[in-house]
Structures are given as C-alpha cells and as structure tokens.
file my_file_35.cif (mmCIF, C-alpha atoms)
data_coords
#
loop_
_atom_site.group_PDB
_atom_site.id
_atom_site.type_symbol
_atom_site.label_atom_id
_atom_site.label_comp_id
_atom_site.auth_asym_id
_atom_site.auth_seq_id
_atom_site.Cartn_x
_atom_site.Cartn_y
_atom_site.Cartn_z
ATOM 1 C CA MET A 15 115.478 72.594 72.003
ATOM 2 C CA ARG A 16 116.598 71.114 68.667
ATOM 3 C CA ILE A 17 114.778 72.577 65.658
ATOM 4 C CA THR A 18 117.097 71.495 62.842
ATOM 5 C CA HIS A 19 114.298 70.112 60.658
ATOM 6 C CA LEU A 20 111.754 72.760 61.583
ATOM 7 C CA ARG A 21 113.978 75.559 60.249
ATOM 8 C CA GLN A 22 113.924 73.937 56.826
ATOM 9 C CA ALA A 23 110.148 73.361 56.744
ATOM 10 C CA ASP A 24 107.353 75.490 55.283
ATOM 11 C CA LEU A 25 104.761 75.446 58.060
ATOM 12 C CA ASN A 26 102.063 76.672 55.674
ATOM 13 C CA LEU A 27 102.178 73.219 54.106
ATOM 14 C CA LEU A 28 100.823 71.789 57.360
ATOM 15 C CA VAL A 29 97.713 73.942 57.008
ATOM 16 C CA VAL A 30 97.249 72.591 53.486
ATOM 17 C CA PHE A 31 97.674 69.028 54.716
ATOM 18 C CA THR A 32 95.059 69.510 57.444
ATOM 19 C CA ALA A 33 92.527 70.853 54.953
ATOM 20 C CA LEU A 34 93.203 68.018 52.507
ATOM 21 C CA ALA A 35 93.056 65.338 55.196
ATOM 22 C CA GLU A 36 89.764 66.683 56.511
ATOM 23 C CA GLU A 37 88.121 67.351 53.147
ATOM 24 C CA ARG A 38 89.566 64.256 51.389
ATOM 25 C CA ASN A 39 89.182 66.191 48.136
ATOM 26 C CA VAL A 40 91.509 68.629 46.324
ATOM 27 C CA THR A 41 88.672 70.816 44.992
ATOM 28 C CA ARG A 42 87.034 71.287 48.390
ATOM 29 C CA ALA A 43 90.385 71.798 50.109
ATOM 30 C CA ALA A 44 91.398 74.427 47.519
ATOM 31 C CA ALA A 45 88.124 76.309 47.983
ATOM 32 C CA ARG A 46 88.534 76.226 51.764
ATOM 33 C CA LEU A 47 92.113 77.529 51.539
ATOM 34 C CA LEU A 48 91.358 80.088 48.799
ATOM 35 C CA LEU A 49 94.010 78.466 46.599
ATOM 36 C CA SER A 50 93.970 76.969 43.117
ATOM 37 C CA GLN A 51 93.733 73.204 42.710
ATOM 38 C CA PRO A 52 97.201 72.978 41.116
ATOM 39 C CA ALA A 53 98.659 74.899 44.065
ATOM 40 C CA VAL A 54 97.120 72.396 46.496
ATOM 41 C CA SER A 55 98.412 69.472 44.443
ATOM 42 C CA ARG A 56 101.924 70.959 44.398
ATOM 43 C CA ALA A 57 101.739 71.484 48.157
ATOM 44 C CA LEU A 58 100.770 67.845 48.654
ATOM 45 C CA GLN A 59 103.814 66.726 46.688
ATOM 46 C CA ARG A 60 106.066 68.960 48.782
ATOM 47 C CA LEU A 61 104.524 67.483 51.926
ATOM 48 C CA ARG A 62 105.244 63.975 50.673
ATOM 49 C CA ASP A 63 108.852 64.945 50.028
ATOM 50 C CA MET A 64 109.126 66.585 53.464
ATOM 51 C CA PHE A 65 107.807 63.571 55.380
ATOM 52 C CA ARG A 66 109.118 60.880 52.991
ATOM 53 C CA ASP A 67 105.667 59.339 52.945
ATOM 54 C CA ASP A 68 102.616 59.476 50.677
ATOM 55 C CA LEU A 69 100.549 60.847 53.629
ATOM 56 C CA LEU A 70 97.331 60.795 51.551
ATOM 57 C CA ILE A 71 96.382 58.076 49.036
ATOM 58 C CA ARG A 72 93.769 58.637 46.330
ATOM 59 C CA THR A 73 90.890 56.126 46.519
ATOM 60 C CA SER A 74 87.492 55.847 44.838
ATOM 61 C CA SER A 75 85.922 57.746 47.752
ATOM 62 C CA GLY A 76 88.606 60.435 47.999
ATOM 63 C CA TYR A 77 91.967 60.782 49.696
ATOM 64 C CA GLU A 78 92.678 58.445 52.620
ATOM 65 C CA PRO A 79 95.546 59.054 55.061
ATOM 66 C CA THR A 80 98.391 56.608 55.464
ATOM 67 C CA PRO A 81 99.288 55.558 59.020
ATOM 68 C CA LYS A 82 101.878 58.354 59.116
ATOM 69 C CA GLY A 83 99.289 60.750 57.713
ATOM 70 C CA GLU A 84 96.861 59.783 60.472
ATOM 71 C CA ARG A 85 99.506 60.415 63.142
ATOM 72 C CA LEU A 86 100.336 63.778 61.607
ATOM 73 C CA LEU A 87 96.678 64.793 61.488
ATOM 74 C CA ARG A 88 96.207 63.888 65.168
ATOM 75 C CA GLU A 89 99.206 65.993 66.140
ATOM 76 C CA LEU A 90 98.154 68.960 64.011
ATOM 77 C CA SER A 91 94.584 68.922 65.344
ATOM 78 C CA THR A 92 96.038 70.043 68.670
ATOM 79 C CA THR A 93 99.111 71.991 67.602
ATOM 80 C CA LEU A 94 97.697 74.238 64.868
ATOM 81 C CA PRO A 95 94.838 75.706 66.949
ATOM 82 C CA ARG A 96 97.324 76.499 69.730
ATOM 83 C CA LEU A 97 99.690 78.233 67.313
ATOM 84 C CA ASP A 98 96.797 80.152 65.795
ATOM 85 C CA ARG A 99 95.685 81.276 69.253
ATOM 86 C CA LEU A 100 99.205 82.398 70.112
ATOM 87 C CA LEU A 101 99.346 84.517 66.976
ATOM 88 C CA SER A 102 95.900 86.036 67.413
ATOM 89 C CA GLY A 103 95.965 86.459 71.191
ATOM 90 C CA ALA A 104 92.530 84.823 71.363
ATOM 91 C CA GLU A 105 91.123 83.155 74.451
ATOM 92 C CA PHE A 106 91.011 79.388 74.822
ATOM 93 C CA ASP A 107 87.717 77.885 73.625
ATOM 94 C CA PRO A 108 87.114 74.514 75.340
ATOM 95 C CA ALA A 109 84.183 73.781 73.039
ATOM 96 C CA ALA A 110 86.272 74.087 69.873
ATOM 97 C CA GLU A 111 89.924 73.387 70.708
ATOM 98 C CA GLU A 112 91.213 69.937 71.608
ATOM 99 C CA ALA A 113 93.361 69.869 74.725
ATOM 100 C CA THR A 114 94.380 67.434 77.424
ATOM 101 C CA PHE A 115 95.368 68.811 80.812
ATOM 102 C CA ARG A 116 97.473 66.645 83.131
ATOM 103 C CA ILE A 117 97.037 67.402 86.816
ATOM 104 C CA ALA A 118 98.845 65.805 89.753
ATOM 105 C CA VAL A 119 96.435 65.438 92.636
ATOM 106 C CA THR A 120 96.041 63.884 96.069
ATOM 107 C CA ASP A 121 93.028 61.761 96.882
ATOM 108 C CA HIS A 122 91.740 64.699 98.958
ATOM 109 C CA ALA A 123 91.387 66.941 95.901
ATOM 110 C CA SER A 124 90.294 64.160 93.559
ATOM 111 C CA HIS A 125 87.447 63.187 95.912
ATOM 112 C CA LEU A 126 86.259 66.779 96.131
ATOM 113 C CA LEU A 127 86.966 68.427 92.779
ATOM 114 C CA CYS A 128 86.695 65.682 90.156
ATOM 115 C CA PRO A 129 82.961 65.079 90.692
ATOM 116 C CA VAL A 130 82.309 68.818 90.340
ATOM 117 C CA ILE A 131 84.321 68.961 87.106
ATOM 118 C CA CYS A 132 82.420 65.976 85.706
ATOM 119 C CA LYS A 133 79.068 67.608 86.403
ATOM 120 C CA THR A 134 79.708 71.259 85.596
ATOM 121 C CA ILE A 135 82.700 71.509 83.231
ATOM 122 C CA LEU A 136 82.804 68.476 80.936
ATOM 123 C CA PRO A 137 79.329 68.989 79.422
ATOM 124 C CA ALA A 138 80.389 72.381 78.015
ATOM 125 C CA ALA A 139 84.022 71.515 77.212
ATOM 126 C CA ALA A 140 83.489 69.083 74.363
ATOM 127 C CA LYS A 141 87.098 69.072 73.132
ATOM 128 C CA VAL A 142 88.848 68.995 76.514
ATOM 129 C CA SER A 143 89.973 66.027 78.571
ATOM 130 C CA PHE A 144 91.454 65.955 82.074
ATOM 131 C CA ASP A 145 94.096 63.430 83.100
ATOM 132 C CA PHE A 146 94.358 63.386 86.894
ATOM 133 C CA VAL A 147 97.426 61.469 88.073
ATOM 134 C CA PRO A 148 98.699 60.622 91.574
ATOM 135 C CA PHE A 149 100.839 63.127 93.439
ATOM 136 C CA VAL A 150 104.248 61.427 93.746
ATOM 137 C CA ASP A 151 107.867 62.279 94.509
ATOM 138 C CA GLU A 152 108.543 63.095 90.835
ATOM 139 C CA THR A 153 105.633 65.526 90.510
ATOM 140 C CA PHE A 154 107.666 68.704 91.037
ATOM 141 C CA GLU A 155 110.216 67.693 88.397
ATOM 142 C CA ALA A 156 107.405 66.795 85.975
ATOM 143 C CA ILE A 157 105.957 70.296 86.405
ATOM 144 C CA LYS A 158 109.369 71.827 85.683
ATOM 145 C CA ARG A 159 109.779 69.673 82.571
ATOM 146 C CA GLY A 160 106.316 70.490 81.247
ATOM 147 C CA ARG A 161 105.004 66.939 81.579
ATOM 148 C CA LEU A 162 102.323 68.134 83.999
ATOM 149 C CA ASP A 163 100.210 71.269 83.782
ATOM 150 C CA LEU A 164 99.160 71.712 87.396
ATOM 151 C CA LEU A 165 99.447 70.197 90.848
ATOM 152 C CA LEU A 166 96.914 70.253 93.659
ATOM 153 C CA ASN A 167 98.145 69.731 97.204
ATOM 154 C CA ALA A 168 97.866 70.971 100.750
ATOM 155 C CA ASP A 169 100.080 73.915 101.672
ATOM 156 C CA ASP A 170 102.511 71.718 103.556
ATOM 157 C CA GLY A 171 105.585 73.869 102.904
ATOM 158 C CA TYR A 172 107.139 71.552 100.321
ATOM 159 C CA ILE A 173 106.054 73.223 97.074
ATOM 160 C CA PRO A 174 109.173 74.703 95.385
ATOM 161 C CA PRO A 175 109.346 78.471 95.945
ATOM 162 C CA GLN A 176 109.872 79.170 92.226
ATOM 163 C CA PHE A 177 106.421 77.753 91.412
ATOM 164 C CA ALA A 178 103.408 80.034 91.112
ATOM 165 C CA SER A 179 100.626 79.026 93.482
ATOM 166 C CA GLU A 180 97.187 80.050 94.649
ATOM 167 C CA ILE A 181 94.976 79.015 97.557
ATOM 168 C CA ILE A 182 91.805 77.394 96.225
ATOM 169 C CA PHE A 183 90.108 76.473 99.506
ATOM 170 C CA GLU A 184 90.615 76.258 103.242
ATOM 171 C CA ALA A 185 90.249 73.007 105.144
ATOM 172 C CA ASP A 186 90.518 71.495 108.585
ATOM 173 C CA PHE A 187 90.723 68.021 110.058
ATOM 174 C CA ALA A 188 88.448 65.437 111.579
ATOM 175 C CA CYS A 189 89.342 62.207 113.339
ATOM 176 C CA VAL A 190 87.756 58.876 112.452
ATOM 177 C CA ALA A 191 87.464 56.109 115.034
ATOM 178 C CA ALA A 192 85.579 52.827 115.297
ATOM 179 C CA LYS A 193 81.967 53.116 116.412
ATOM 180 C CA GLU A 194 82.606 51.004 119.510
ATOM 181 C CA SER A 195 85.418 53.275 120.731
ATOM 182 C CA SER A 196 84.929 55.131 124.006
ATOM 183 C CA TYR A 197 85.716 58.552 122.545
ATOM 184 C CA SER A 198 83.113 61.288 122.789
ATOM 185 C CA ARG A 199 82.494 63.974 120.137
ATOM 186 C CA ALA A 200 85.910 65.600 120.557
ATOM 187 C CA LEU A 201 89.384 64.276 121.292
ATOM 188 C CA THR A 202 91.631 65.925 123.841
ATOM 189 C CA LEU A 203 95.310 66.282 123.009
ATOM 190 C CA LYS A 204 96.088 63.687 125.705
ATOM 191 C CA GLN A 205 93.701 61.173 124.126
ATOM 192 C CA TYR A 206 95.078 61.901 120.665
ATOM 193 C CA LEU A 207 98.688 61.312 121.679
ATOM 194 C CA ALA A 208 97.820 58.171 123.651
ATOM 195 C CA ALA A 209 96.131 56.554 120.634
ATOM 196 C CA SER A 210 97.675 54.608 117.754
ATOM 197 C CA HIS A 211 97.123 56.196 114.352
ATOM 198 C CA VAL A 212 96.853 55.298 110.695
ATOM 199 C CA GLY A 213 99.195 57.833 109.126
ATOM 200 C CA VAL A 214 98.649 59.227 105.642
ATOM 201 C CA GLY A 215 101.841 60.177 103.815
ATOM 202 C CA ILE A 216 101.702 61.460 100.229
ATOM 203 C CA LEU A 217 105.452 61.951 99.727
ATOM 204 C CA GLY A 218 107.815 59.483 101.321
ATOM 205 C CA GLY A 219 109.897 60.664 104.263
ATOM 206 C CA LEU A 220 108.246 64.073 104.640
ATOM 207 C CA GLN A 221 106.287 65.189 107.678
ATOM 208 C CA THR A 222 102.562 65.532 107.220
ATOM 209 C CA ILE A 223 100.670 68.599 108.436
ATOM 210 C CA PRO A 224 99.368 66.895 111.620
ATOM 211 C CA ASP A 225 102.890 65.736 112.467
ATOM 212 C CA LYS A 226 104.295 69.219 111.844
ATOM 213 C CA ARG A 227 101.680 70.796 114.101
ATOM 214 C CA LEU A 228 102.461 68.313 116.859
ATOM 215 C CA ALA A 229 106.220 68.747 116.436
ATOM 216 C CA ALA A 230 105.761 72.498 116.915
ATOM 217 C CA ILE A 231 104.615 71.822 120.511
ATOM 218 C CA GLY A 232 107.190 69.089 121.094
ATOM 219 C CA ALA A 233 104.744 66.206 120.679
ATOM 220 C CA LYS A 234 104.628 63.143 118.436
ATOM 221 C CA ARG A 235 101.920 60.620 117.629
ATOM 222 C CA HIS A 236 102.379 56.866 117.189
ATOM 223 C CA CYS A 237 101.656 55.580 113.660
ATOM 224 C CA PRO A 238 102.185 51.801 113.429
ATOM 225 C CA ILE A 239 100.897 51.905 109.849
ATOM 226 C CA SER A 240 100.984 54.529 107.112
ATOM 227 C CA VAL A 241 99.053 54.518 103.829
ATOM 228 C CA PRO A 242 99.116 56.849 100.807
ATOM 229 C CA TYR A 243 95.391 57.680 100.709
ATOM 230 C CA PHE A 244 92.880 59.139 103.162
ATOM 231 C CA SER A 245 90.202 56.800 101.835
ATOM 232 C CA ALA A 246 92.429 53.802 102.601
ATOM 233 C CA ALA A 247 93.117 55.139 106.094
ATOM 234 C CA ILE A 248 89.396 55.348 106.809
ATOM 235 C CA ARG A 249 88.865 51.780 105.576
ATOM 236 C CA CYS A 250 91.437 50.628 108.150
ATOM 237 C CA ILE A 251 89.492 51.931 111.145
ATOM 238 C CA PRO A 252 86.348 49.766 111.707
ATOM 239 C CA GLY A 253 86.923 47.061 114.322
ATOM 240 C CA THR A 254 90.259 48.501 115.493
ATOM 241 C CA PRO A 255 91.396 50.901 118.245
ATOM 242 C CA LEU A 256 93.157 53.052 115.613
ATOM 243 C CA ILE A 257 92.415 56.677 114.718
ATOM 244 C CA ALA A 258 92.723 58.290 111.292
ATOM 245 C CA THR A 259 93.146 62.037 110.901
ATOM 246 C CA VAL A 260 91.615 63.144 107.602
ATOM 247 C CA PRO A 261 90.345 66.363 106.001
ATOM 248 C CA ARG A 262 86.903 67.132 107.397
ATOM 249 C CA ARG A 263 85.259 67.195 103.951
ATOM 250 C CA ILE A 264 86.545 63.656 103.367
ATOM 251 C CA ALA A 265 85.084 62.594 106.700
ATOM 252 C CA ARG A 266 81.692 63.933 105.578
ATOM 253 C CA PHE A 267 81.449 61.055 103.091
ATOM 254 C CA GLU A 268 81.385 58.644 106.046
ATOM 255 C CA LEU A 269 78.528 60.214 108.015
ATOM 256 C CA GLY A 270 76.272 57.291 107.102
ATOM 257 C CA ASN A 271 78.860 54.639 107.934
ATOM 258 C CA LYS A 272 77.543 52.778 110.983
ATOM 259 C CA GLY A 273 80.959 51.319 111.752
ATOM 260 C CA LEU A 274 82.600 54.693 112.287
ATOM 261 C CA LYS A 275 82.556 57.634 114.655
ATOM 262 C CA ILE A 276 83.561 61.104 113.426
ATOM 263 C CA LEU A 277 85.332 63.187 116.077
ATOM 264 C CA ARG A 278 86.673 66.704 116.435
ATOM 265 C CA PRO A 279 90.494 66.673 116.667
ATOM 266 C CA PRO A 280 92.621 68.560 119.194
ATOM 267 C CA GLU A 281 92.752 72.282 118.455
ATOM 268 C CA VAL A 282 96.507 72.131 117.856
ATOM 269 C CA LEU A 283 95.895 70.556 114.436
ATOM 270 C CA GLY A 284 94.123 73.731 113.314
ATOM 271 C CA LYS A 285 93.278 74.551 109.710
ATOM 272 C CA PHE A 286 95.297 74.400 106.509
ATOM 273 C CA SER A 287 95.166 75.812 102.991
ATOM 274 C CA TYR A 288 94.863 73.815 99.797
ATOM 275 C CA LEU A 289 96.794 75.044 96.768
ATOM 276 C CA MET A 290 97.041 74.732 93.051
ATOM 277 C CA ALA A 291 100.578 75.297 91.801
ATOM 278 C CA TRP A 292 102.176 75.541 88.361
ATOM 279 C CA HIS A 293 105.311 76.673 86.560
ATOM 280 C CA PRO A 294 105.383 80.467 86.021
ATOM 281 C CA ARG A 295 106.011 80.034 82.288
ATOM 282 C CA MET A 296 102.326 79.066 82.026
ATOM 283 C CA ASN A 297 101.061 82.270 83.660
ATOM 284 C CA THR A 298 99.789 83.878 80.452
ATOM 285 C CA ASP A 299 98.949 80.762 78.425
ATOM 286 C CA ALA A 300 95.256 81.036 77.513
ATOM 287 C CA GLY A 301 94.560 77.334 77.937
ATOM 288 C CA HIS A 302 96.268 77.244 81.304
ATOM 289 C CA GLU A 303 94.392 80.345 82.436
ATOM 290 C CA TRP A 304 91.160 78.562 81.542
ATOM 291 C CA LEU A 305 92.302 75.468 83.473
ATOM 292 C CA ARG A 306 93.108 77.475 86.589
ATOM 293 C CA ASN A 307 89.723 79.156 86.435
ATOM 294 C CA VAL A 308 88.049 75.742 86.171
ATOM 295 C CA ILE A 309 89.787 74.635 89.368
ATOM 296 C CA ARG A 310 88.819 77.886 91.121
ATOM 297 C CA GLU A 311 85.176 77.482 90.171
ATOM 298 C CA ALA A 312 85.112 73.820 91.193
ATOM 299 C CA ALA A 313 86.591 74.758 94.582
ATOM 300 C CA LYS A 314 83.969 77.488 95.070
ATOM 301 C CA ALA A 315 81.248 74.877 94.555
ATOM 302 C CA LEU A 316 82.473 72.687 97.445
ATOM 303 C CA PRO A 317 80.245 72.387 100.502
ATOM 304 C CA GLY A 318 81.506 73.722 103.798
ATOM 305 C CA PRO A 319 83.526 71.308 105.949
ATOM 306 C CA SER A 320 81.102 71.353 108.868
ATOM 307 C CA LEU A 321 79.852 68.017 110.149
ATOM 308 C CA ASP A 322 76.967 69.555 112.051
#
call {"tool": "encode", "arguments": {"input": "my_file_35.cif", "output": "structure tokens"}}
result
Amino acid sequence: MRITHLRQADLNLLVVFTALAEERNVTRAAARLLLSQPAVSRALQRLRDMFRDDLLIRTSSGYEPTPKGERLLRELSTTLPRLDRLLSGAEFDPAAEEATFRIAVTDHASHLLCPVICKTILPAAAKVSFDFVPFVDETFEAIKRGRLDLLLNADDGYIPPQFASEIIFEADFACVAAKESSYSRALTLKQYLAASHVGVGILGGLQTIPDKRLAAIGAKRHCPISVPYFSAAIRCIPGTPLIATVPRRIARFELGNKGLKILRPPEVLGKFSYLMAWHPRMNTDAGHEWLRNVIREAAKALPGPSLD
C-alpha cells in the first residue's frame, strides 16, 4: 500500500471540507465544527493547496463545489463515517451510513435471497445498496483482493480453505421433465442415468454436486448441453426428453407450469449445504458483520424445500 501523499496530509482538513461542502457557508460550518470563521477559511485555503484545486467556489447562494470538490465529497461521505466507526468501535448503522456491498452469487441464491432482502432489509437500510454479481472463475481472487465482500455458493468443495465460511441453509434436489414424459413422481437411478440431461455448471471445468455424487458410486450422466443458470436449464425442458436437476426450492417456482413435471431424484443425489464465504480480514468489520447477519436472516425466512 502506497501512502506517500497521505503521510503529508492533515486529515482533519477533510472534516472541515465536508462541513463546508454540506453547509455551503463558512459561518454555519464554523458553528458546526466549533471553530472560528477565520480558522475555517484558513483550512479551506490549505485544502485548495493540498488538492491543487479551488474545491469550493463562492457564489451568490453560497459555496458551490467544483467537479473535483464533488468527487471528493462523494468519497468522503463513505470514508469518513467508516473511519469514525473504526475509532469509536460503534456498530454499523444502515440507516445513517452509506455503504455498497458487492456479493458474488449463483442464480440459486439470487432467486431465493434477493426478493427477501428487497422486502425486509432495504426499507430500513436507507443508506445501503447491494450489488449482486455473477459467480465466476475470478470470484475467489476478487474476494482476496477486496473487490468483493461476500460470496454465496453451494458447498461443492471448491471454496478456498483460507476463507471463512458459514452454512446459511440446507437444500436438496428435484428433477424437472416435460409434462408429456413417462416418468412418475420419482426417478430411479436407472432412469436417471439412461436419460439425457441439461447440465448446470457455474465454474468451467469443475464437477457439479450431482456429478460428484454419481462419480462416488462409479456412475456418470449424459449431458449433451450445459448452461450456467438453473432457470435457463428449466426453460430448456418443455417439449424435449431432457431432464434438469435443480435445487428443490427453485423447482417450486415451476409448480404452476403446465409444460413441466417435477420429480423426486434418485436418493444418491442427497442433500447439500449452501454457504456464505468471505476473507477472514473482514471478520470483525462492523459493516461486514451487519451484512452477514442480513444474509442469515434472509436465509431463515426461506420456505422449506418440500414440494408437497
């Protein structure tokens, strides 16, 4: 981390700038900061020297920020509250502190958890935004580099062991077939292996959970097509002899689809856990603790996977 310029800066000046930019008036800013007006004016000049920009321009209606001043204010609106919280040890307040959380997610988790977050979390978290992005090959490296806050994925054995992780819910599978298929309510292992499947692979070249479970008994299914999303796999099924193996809660969304038949899979596929995972350096960060609790609570609100 290079901090050449930061070592030479007076960070208290940034607090003065924020007050001035928000109040647009030296008198009001001075009163808010418990400083004299000349002290605030001197601080503004030092800020201008530091950033080599006017930052705030006097107009008939008060100070107006320059483009650089606007960028600085946007950055400080997020950074200063976080620094203040670090110093005070206070908890994260989603109603008062601006924050954007970036979460890598599969379509399984986004289908289930995002609607819950929209209904139960966003109304009370006025300053918070969530940026859910696709789970891709680079996700693990992005977590290590701090470009992502959290990842949500099935416990498929591929999450790096140095990551912290927690089970947020348990899941199992269902099979989706065309309505006109001859399958009854449950598929035998023989029927499952004899069928052609729409595979769902999140990360390229890695075995999925169904394939791992089959490999453990020396079996393999035939997947003439593979797609990256469970929802896309389901869309492929009507009017074909194909089968899609999807999480049972995802299959629930299709109960009213007259072109589909929802089936119980062979027992060998079993159940699996769904995880949230993060870099351990975030363990005690108040904002990240709040985020993890949000995911826990959203997972608790999920309906059971039963199709009955």
call {"tool": "resolve_selection", "arguments": {"input": "my_file_35.cif", "expression": "the PyMOL selection byres ((chain A and resi 189) around 12)", "output": "JSON, numbers by chain"}}
result
{"A": [186, 187, 188, 190, 191, 192, 197, 198, 199, 200, 201, 202, 205, 206, 209, 211, 212, 213, 224, 244, 247, 248, 251, 256, 257, 258, 259, 260, 261, 262, 263, 264, 265, 266, 268, 274, 275, 276, 277, 278, 279, 280, 281, 283, 321]}
call {"tool": "write_last_selection", "arguments": {"input": "my_file_35.cif", "atoms": "C-alpha atoms", "output": "PDB file, in the coordinates of the input"}}
result
ATOM      1  CA  ASP A 186      90.518  71.495 108.585  1.00  0.00           C
ATOM      2  CA  PHE A 187      90.723  68.021 110.058  1.00  0.00           C
ATOM      3  CA  ALA A 188      88.448  65.437 111.579  1.00  0.00           C
ATOM      4  CA  VAL A 190      87.756  58.876 112.452  1.00  0.00           C
ATOM      5  CA  ALA A 191      87.464  56.109 115.034  1.00  0.00           C
ATOM      6  CA  ALA A 192      85.579  52.827 115.297  1.00  0.00           C
ATOM      7  CA  TYR A 197      85.716  58.552 122.545  1.00  0.00           C
ATOM      8  CA  SER A 198      83.113  61.288 122.789  1.00  0.00           C
ATOM      9  CA  ARG A 199      82.494  63.974 120.137  1.00  0.00           C
ATOM     10  CA  ALA A 200      85.910  65.600 120.557  1.00  0.00           C
ATOM     11  CA  LEU A 201      89.384  64.276 121.292  1.00  0.00           C
ATOM     12  CA  THR A 202      91.631  65.925 123.841  1.00  0.00           C
ATOM     13  CA  GLN A 205      93.701  61.173 124.126  1.00  0.00           C
ATOM     14  CA  TYR A 206      95.078  61.901 120.665  1.00  0.00           C
ATOM     15  CA  ALA A 209      96.131  56.554 120.634  1.00  0.00           C
ATOM     16  CA  HIS A 211      97.123  56.196 114.352  1.00  0.00           C
ATOM     17  CA  VAL A 212      96.853  55.298 110.695  1.00  0.00           C
ATOM     18  CA  GLY A 213      99.195  57.833 109.126  1.00  0.00           C
ATOM     19  CA  PRO A 224      99.368  66.895 111.620  1.00  0.00           C
ATOM     20  CA  PHE A 244      92.880  59.139 103.162  1.00  0.00           C
ATOM     21  CA  ALA A 247      93.117  55.139 106.094  1.00  0.00           C
ATOM     22  CA  ILE A 248      89.396  55.348 106.809  1.00  0.00           C
ATOM     23  CA  ILE A 251      89.492  51.931 111.145  1.00  0.00           C
ATOM     24  CA  LEU A 256      93.157  53.052 115.613  1.00  0.00           C
ATOM     25  CA  ILE A 257      92.415  56.677 114.718  1.00  0.00           C
ATOM     26  CA  ALA A 258      92.723  58.290 111.292  1.00  0.00           C
ATOM     27  CA  THR A 259      93.146  62.037 110.901  1.00  0.00           C
ATOM     28  CA  VAL A 260      91.615  63.144 107.602  1.00  0.00           C
ATOM     29  CA  PRO A 261      90.345  66.363 106.001  1.00  0.00           C
ATOM     30  CA  ARG A 262      86.903  67.132 107.397  1.00  0.00           C
ATOM     31  CA  ARG A 263      85.259  67.195 103.951  1.00  0.00           C
ATOM     32  CA  ILE A 264      86.545  63.656 103.367  1.00  0.00           C
ATOM     33  CA  ALA A 265      85.084  62.594 106.700  1.00  0.00           C
ATOM     34  CA  ARG A 266      81.692  63.933 105.578  1.00  0.00           C
ATOM     35  CA  GLU A 268      81.385  58.644 106.046  1.00  0.00           C
ATOM     36  CA  LEU A 274      82.600  54.693 112.287  1.00  0.00           C
ATOM     37  CA  LYS A 275      82.556  57.634 114.655  1.00  0.00           C
ATOM     38  CA  ILE A 276      83.561  61.104 113.426  1.00  0.00           C
ATOM     39  CA  LEU A 277      85.332  63.187 116.077  1.00  0.00           C
ATOM     40  CA  ARG A 278      86.673  66.704 116.435  1.00  0.00           C
ATOM     41  CA  PRO A 279      90.494  66.673 116.667  1.00  0.00           C
ATOM     42  CA  PRO A 280      92.621  68.560 119.194  1.00  0.00           C
ATOM     43  CA  GLU A 281      92.752  72.282 118.455  1.00  0.00           C
ATOM     44  CA  LEU A 283      95.895  70.556 114.436  1.00  0.00           C
ATOM     45  CA  LEU A 321      79.852  68.017 110.149  1.00  0.00           C
TER      46      LEU A 321
END
call {"tool": "resolve_selection", "arguments": {"input": "my_file_35.cif", "expression": "the PyMOL selection byres ((chain A and resi 155) around 12)", "output": "JSON, numbers by chain"}}
result
{"A": [118, 149, 150, 151, 152, 153, 154, 156, 157, 158, 159, 160, 161, 162, 163, 164, 165, 173, 174, 177, 292, 293]}
call {"tool": "atom_distance", "arguments": {"input": "my_file_35.cif", "atom1": "CA of Ile131 in chain A", "atom2": "CA of Glu180 in chain A"}}
result
18.6 Å
call {"tool": "atom_distance", "arguments": {"input": "my_file_35.cif", "atom1": "CA of Ile181 in chain A", "atom2": "CA of Ile309 in chain A"}}
result
10.6 Å
call {"tool": "closest_atom_pairs", "arguments": {"input": "my_file_35.cif", "of": "range 75-151 of chain A", "to": "range 32-38 of chain A", "cutoff": "9 Å", "atoms": "only C-alpha atoms", "output": "Markdown table"}}
result
| residue | atom | partner | partner_atom | distance |
| --- | --- | --- | --- | --- |
| A:Ser75 | CA | A:Arg38 | CA | 8.3 |
| A:Gly76 | CA | A:Arg38 | CA | 5.2 |
| A:Tyr77 | CA | A:Arg38 | CA | 4.5 |
| A:Glu78 | CA | A:Arg38 | CA | 6.7 |
| A:Pro79 | CA | A:Ala35 | CA | 6.8 |
| A:Gly83 | CA | A:Ala35 | CA | 8.1 |
| A:Glu84 | CA | A:Ala35 | CA | 8.6 |
| A:Leu86 | CA | A:Thr32 | CA | 8.8 |
| A:Leu87 | CA | A:Thr32 | CA | 6.4 |
| A:Leu90 | CA | A:Thr32 | CA | 7.3 |
| A:Ser91 | CA | A:Thr32 | CA | 7.9 |
call {"tool": "write_last_selection", "arguments": {"input": "my_file_35.cif", "atoms": "C-alpha atoms", "output": "short mmCIF file (atom, residue, chain, number, x, y, z; two decimals), in the coordinates of the input"}}
result
data_model
loop_
_atom_site.label_atom_id
_atom_site.label_comp_id
_atom_site.auth_asym_id
_atom_site.auth_seq_id
_atom_site.Cartn_x
_atom_site.Cartn_y
_atom_site.Cartn_z
CA SER A 75 85.92 57.75 47.75
CA GLY A 76 88.61 60.44 48.00
CA TYR A 77 91.97 60.78 49.70
CA GLU A 78 92.68 58.44 52.62
CA PRO A 79 95.55 59.05 55.06
CA GLY A 83 99.29 60.75 57.71
CA GLU A 84 96.86 59.78 60.47
CA LEU A 86 100.34 63.78 61.61
CA LEU A 87 96.68 64.79 61.49
CA LEU A 90 98.15 68.96 64.01
CA SER A 91 94.58 68.92 65.34
#
call {"tool": "resolve_selection", "arguments": {"input": "my_file_35.cif", "expression": "the PyMOL selection byres ((chain A and resi 124) around 12)", "output": "VMD selection string"}}
result
chain A and resid 117 to 123 125 to 132 144 to 149 165 to 167 243 to 245 263 to 264 309 312 to 313
call {"tool": "closest_residue", "arguments": {"input": "my_file_35.cif", "among": "A:Asp107, A:Asp67, A:Asp169, A:Glu184", "to": "Thr222 in chain A", "atoms": "all atoms listed in the file"}}
result
A:Asp169
call {"tool": "axis_aligned_box", "arguments": {"input": "my_file_35.cif", "around": "range 181-188 of chain A", "padding_each_side": "8 Å", "output": "AutoDock Vina command-line options"}}
result
--center_x 91.7 --center_y 72.2 --center_z 103.9 --size_x 22.5 --size_y 29.6 --size_z 31.4
call {"tool": "residues_around", "arguments": {"input": "my_file_35.cif", "residues": "Leu94 in chain A", "least_positions_apart": "6", "cutoff": "12 Å", "atoms": "all atoms listed in the file", "output": "NGL selection string"}}
result
:A and (25-33 or 86-88 or 100-101 or 111-113)
call {"tool": "residues_around", "arguments": {"input": "my_file_35.cif", "residues": "Pro108 in chain A", "least_positions_apart": "3", "cutoff": "6 Å", "atoms": "all atoms listed in the file", "output": "MDAnalysis selection string"}}
result
chainID A and resid 111 139 141:142
call {"tool": "atom_distance", "arguments": {"input": "my_file_35.cif", "atom1": "CA of Ala246 in chain A", "atom2": "CA of Ser287 in chain A"}}
result
22.2 Å
call {"tool": "closest_residue", "arguments": {"input": "my_file_35.cif", "among": "A:Leu69, A:Arg249, A:Phe183, A:Arg42", "to": "Lys314 in chain A", "atoms": "all atoms listed in the file"}}
result
A:Phe183
call {"tool": "residues_around", "arguments": {"input": "my_file_35.cif", "residues": "Leu228 in chain A", "least_positions_apart": "4", "cutoff": "10 Å", "atoms": "only C-alpha atoms", "output": "PyMOL selection string"}}
result
chain A and resi 203+207+223-224+232-235+282-283
